[in-house]
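A.B. asks: I'd like to ask you about the structure that follows.
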Amino acid sequence: MEEILQILDGLIQKDQIEEIRARHAAAWPGPHFVEETPYPPEGPGPVVHTDFEIQAVDGSRLAEVSCAHGPTDVDDPMRAVEGARADATFFGSAWADIQTLLTVIDDLRAGRSSK
């Protein structure tokens, strides 16, 4: 256990962890989910823009990843949408992921197992 803590301390300083903890505490509490909306939503014509809204469980809109993917916007529309979706999912998952990592760090420092 002591070796794990030494490795942890070598990778990230305690004050950095506290800065992360403060940003986490200041953020809108999770979990969050992503709502995908293509435009135009019901035609006519091809979908040329997609918004990925990151929302709280109460429906509050927290942030948005927007992707213009019409024929004059990008070379590879499918790749652009997949990248925007992946980014939105990453952002939407970050609060819960960071909470989990902070719990693991706290448990390691306290000598407990997080499992």
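Order determines the names: the first chain of the structure tokens is A, the second B, and so forth; residues in each chain are numbered 1 upward, and ligands are numbered 1 upward as they are shown.
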Would you kindly return, as a list in words, each protein, DNA or RNA residue with an atom no farther than 8 Å from any atom of Thr50 in chain A, considering only C-alpha atoms and excluding same-chain residues fewer than 4 positions away?

C.D. replies: Glu36, Thr37, Pro38, Tyr39, Ser66, Cys67, Ala68, His69 and Val81 of chain A

A.B. asks: Please save all heavy atoms of the selected residues as a PDB file, in the first residue's frame.

C.D. replies:
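Printed below is again_12.pdb as written:
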ATOM      1  N   GLU A  36     -28.940  14.248 -28.100  1.00  0.00           N
ATOM      2  CA  GLU A  36     -28.485  14.511 -29.469  1.00  0.00           C
ATOM      3  C   GLU A  36     -29.652  15.036 -30.310  1.00  0.00           C
ATOM      4  O   GLU A  36     -30.714  14.433 -30.357  1.00  0.00           O
ATOM      5  CB  GLU A  36     -27.941  13.218 -30.073  1.00  0.00           C
ATOM      6  CG  GLU A  36     -27.369  13.361 -31.446  1.00  0.00           C
ATOM      7  CD  GLU A  36     -26.688  12.091 -31.937  1.00  0.00           C
ATOM      8  OE1 GLU A  36     -26.222  11.279 -31.103  1.00  0.00           O
ATOM      9  OE2 GLU A  36     -26.616  11.913 -33.154  1.00  0.00           O
ATOM     10  N   THR A  37     -29.433  16.182 -30.979  1.00  0.00           N
ATOM     11  CA  THR A  37     -30.467  16.773 -31.823  1.00  0.00           C
ATOM     12  C   THR A  37     -29.893  17.112 -33.188  1.00  0.00           C
ATOM     13  O   THR A  37     -29.033  17.988 -33.303  1.00  0.00           O
ATOM     14  CB  THR A  37     -31.033  18.065 -31.181  1.00  0.00           C
ATOM     15  OG1 THR A  37     -31.461  17.783 -29.857  1.00  0.00           O
ATOM     16  CG2 THR A  37     -32.199  18.605 -31.993  1.00  0.00           C
ATOM     17  N   PRO A  38     -30.370  16.425 -34.240  1.00  0.00           N
ATOM     18  CA  PRO A  38     -29.923  16.749 -35.595  1.00  0.00           C
ATOM     19  C   PRO A  38     -30.752  17.902 -36.177  1.00  0.00           C
ATOM     20  O   PRO A  38     -31.916  18.080 -35.816  1.00  0.00           O
ATOM     21  CB  PRO A  38     -30.182  15.452 -36.362  1.00  0.00           C
ATOM     22  CG  PRO A  38     -31.324  14.819 -35.634  1.00  0.00           C
ATOM     23  CD  PRO A  38     -31.207  15.240 -34.194  1.00  0.00           C
ATOM     24  N   TYR A  39     -30.158  18.686 -37.072  1.00  0.00           N
ATOM     25  CA  TYR A  39     -30.857  19.771 -37.758  1.00  0.00           C
ATOM     26  C   TYR A  39     -30.663  19.635 -39.259  1.00  0.00           C
ATOM     27  O   TYR A  39     -29.552  19.409 -39.698  1.00  0.00           O
ATOM     28  CB  TYR A  39     -30.339  21.132 -37.292  1.00  0.00           C
ATOM     29  CG  TYR A  39     -30.647  21.403 -35.851  1.00  0.00           C
ATOM     30  CD1 TYR A  39     -29.710  21.149 -34.865  1.00  0.00           C
ATOM     31  CD2 TYR A  39     -31.888  21.889 -35.477  1.00  0.00           C
ATOM     32  CE1 TYR A  39     -30.005  21.386 -33.534  1.00  0.00           C
ATOM     33  CE2 TYR A  39     -32.188  22.133 -34.141  1.00  0.00           C
ATOM     34  CZ  TYR A  39     -31.236  21.885 -33.181  1.00  0.00           C
ATOM     35  OH  TYR A  39     -31.531  22.114 -31.870  1.00  0.00           O
ATOM     36  N   SER A  66     -21.387  21.382 -30.482  1.00  0.00           N
ATOM     37  CA  SER A  66     -22.111  21.621 -31.723  1.00  0.00           C
ATOM     38  C   SER A  66     -21.240  21.182 -32.896  1.00  0.00           C
ATOM     39  O   SER A  66     -20.038  21.433 -32.914  1.00  0.00           O
ATOM     40  CB  SER A  66     -22.422  23.115 -31.818  1.00  0.00           C
ATOM     41  OG  SER A  66     -23.417  23.354 -32.746  1.00  0.00           O
ATOM     42  N   CYS A  67     -21.858  20.535 -33.883  1.00  0.00           N
ATOM     43  CA  CYS A  67     -21.098  20.015 -35.017  1.00  0.00           C
ATOM     44  C   CYS A  67     -21.804  20.353 -36.321  1.00  0.00           C
ATOM     45  O   CYS A  67     -22.890  19.850 -36.606  1.00  0.00           O
ATOM     46  CB  CYS A  67     -20.947  18.500 -34.880  1.00  0.00           C
ATOM     47  SG  CYS A  67     -20.018  17.745 -36.226  1.00  0.00           S
ATOM     48  N   ALA A  68     -21.174  21.215 -37.116  1.00  0.00           N
ATOM     49  CA  ALA A  68     -21.650  21.487 -38.472  1.00  0.00           C
ATOM     50  C   ALA A  68     -20.994  20.455 -39.382  1.00  0.00           C
ATOM     51  O   ALA A  68     -19.773  20.333 -39.408  1.00  0.00           O
ATOM     52  CB  ALA A  68     -21.276  22.902 -38.887  1.00  0.00           C
ATOM     53  N   HIS A  69     -21.794  19.692 -40.106  1.00  0.00           N
ATOM     54  CA  HIS A  69     -21.223  18.612 -40.916  1.00  0.00           C
ATOM     55  C   HIS A  69     -21.866  18.531 -42.294  1.00  0.00           C
ATOM     56  O   HIS A  69     -22.001  17.457 -42.877  1.00  0.00           O
ATOM     57  CB  HIS A  69     -21.318  17.271 -40.183  1.00  0.00           C
ATOM     58  CG  HIS A  69     -22.686  16.958 -39.649  1.00  0.00           C
ATOM     59  ND1 HIS A  69     -23.648  16.353 -40.411  1.00  0.00           N
ATOM     60  CD2 HIS A  69     -23.239  17.197 -38.435  1.00  0.00           C
ATOM     61  CE1 HIS A  69     -24.744  16.207 -39.677  1.00  0.00           C
ATOM     62  NE2 HIS A  69     -24.520  16.718 -38.481  1.00  0.00           N
ATOM     63  N   VAL A  81     -19.158  13.981 -36.793  1.00  0.00           N
ATOM     64  CA  VAL A  81     -20.253  13.708 -35.854  1.00  0.00           C
ATOM     65  C   VAL A  81     -19.799  12.721 -34.785  1.00  0.00           C
ATOM     66  O   VAL A  81     -20.079  12.908 -33.596  1.00  0.00           O
ATOM     67  CB  VAL A  81     -21.504  13.193 -36.596  1.00  0.00           C
ATOM     68  CG1 VAL A  81     -22.565  12.718 -35.622  1.00  0.00           C
ATOM     69  CG2 VAL A  81     -22.062  14.274 -37.505  1.00  0.00           C
TER      70      VAL A  81
END

A.B. asks: As a ChimeraX atom specification, please: every residue in chain A that a backbone DSSP assignment puts in strand (DSSP E).

C.D. replies: /A:32-39,49-56,61-68

A.B. asks: Go ahead and compute the interatomic distance for CA of Asp106 in chain A and CA of Leu62 in chain A, in Å to one decimal.

C.D. replies: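 A separation of 27.7 Å between them.
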
A.B. asks: In Å, how far is it from CA of Glu53 in chain A to CA of Leu102 in chain A?

C.D. replies: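 Rounded to one decimal, the two atoms are 25.7 Å apart.
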
A.B. asks: Compare A:Leu108, A:Thr100, A:Val48, A:Trp95 by their minimum atom-to-atom distance to Ala27 in chain A, counting only C-alpha atoms, and give me the closest one.

C.D. replies: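 Nearest candidate to Ala27 in chain A out of A:Leu108, A:Thr100, A:Val48, A:Trp95: A:Trp95.
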
A.B. asks: Going by DSSP on the backbone, which bits of chain A are helix (DSSP H, G or I)? Write them as number ranges by chain, please.

C.D. replies: A: 2-11, 14-26, 77-110
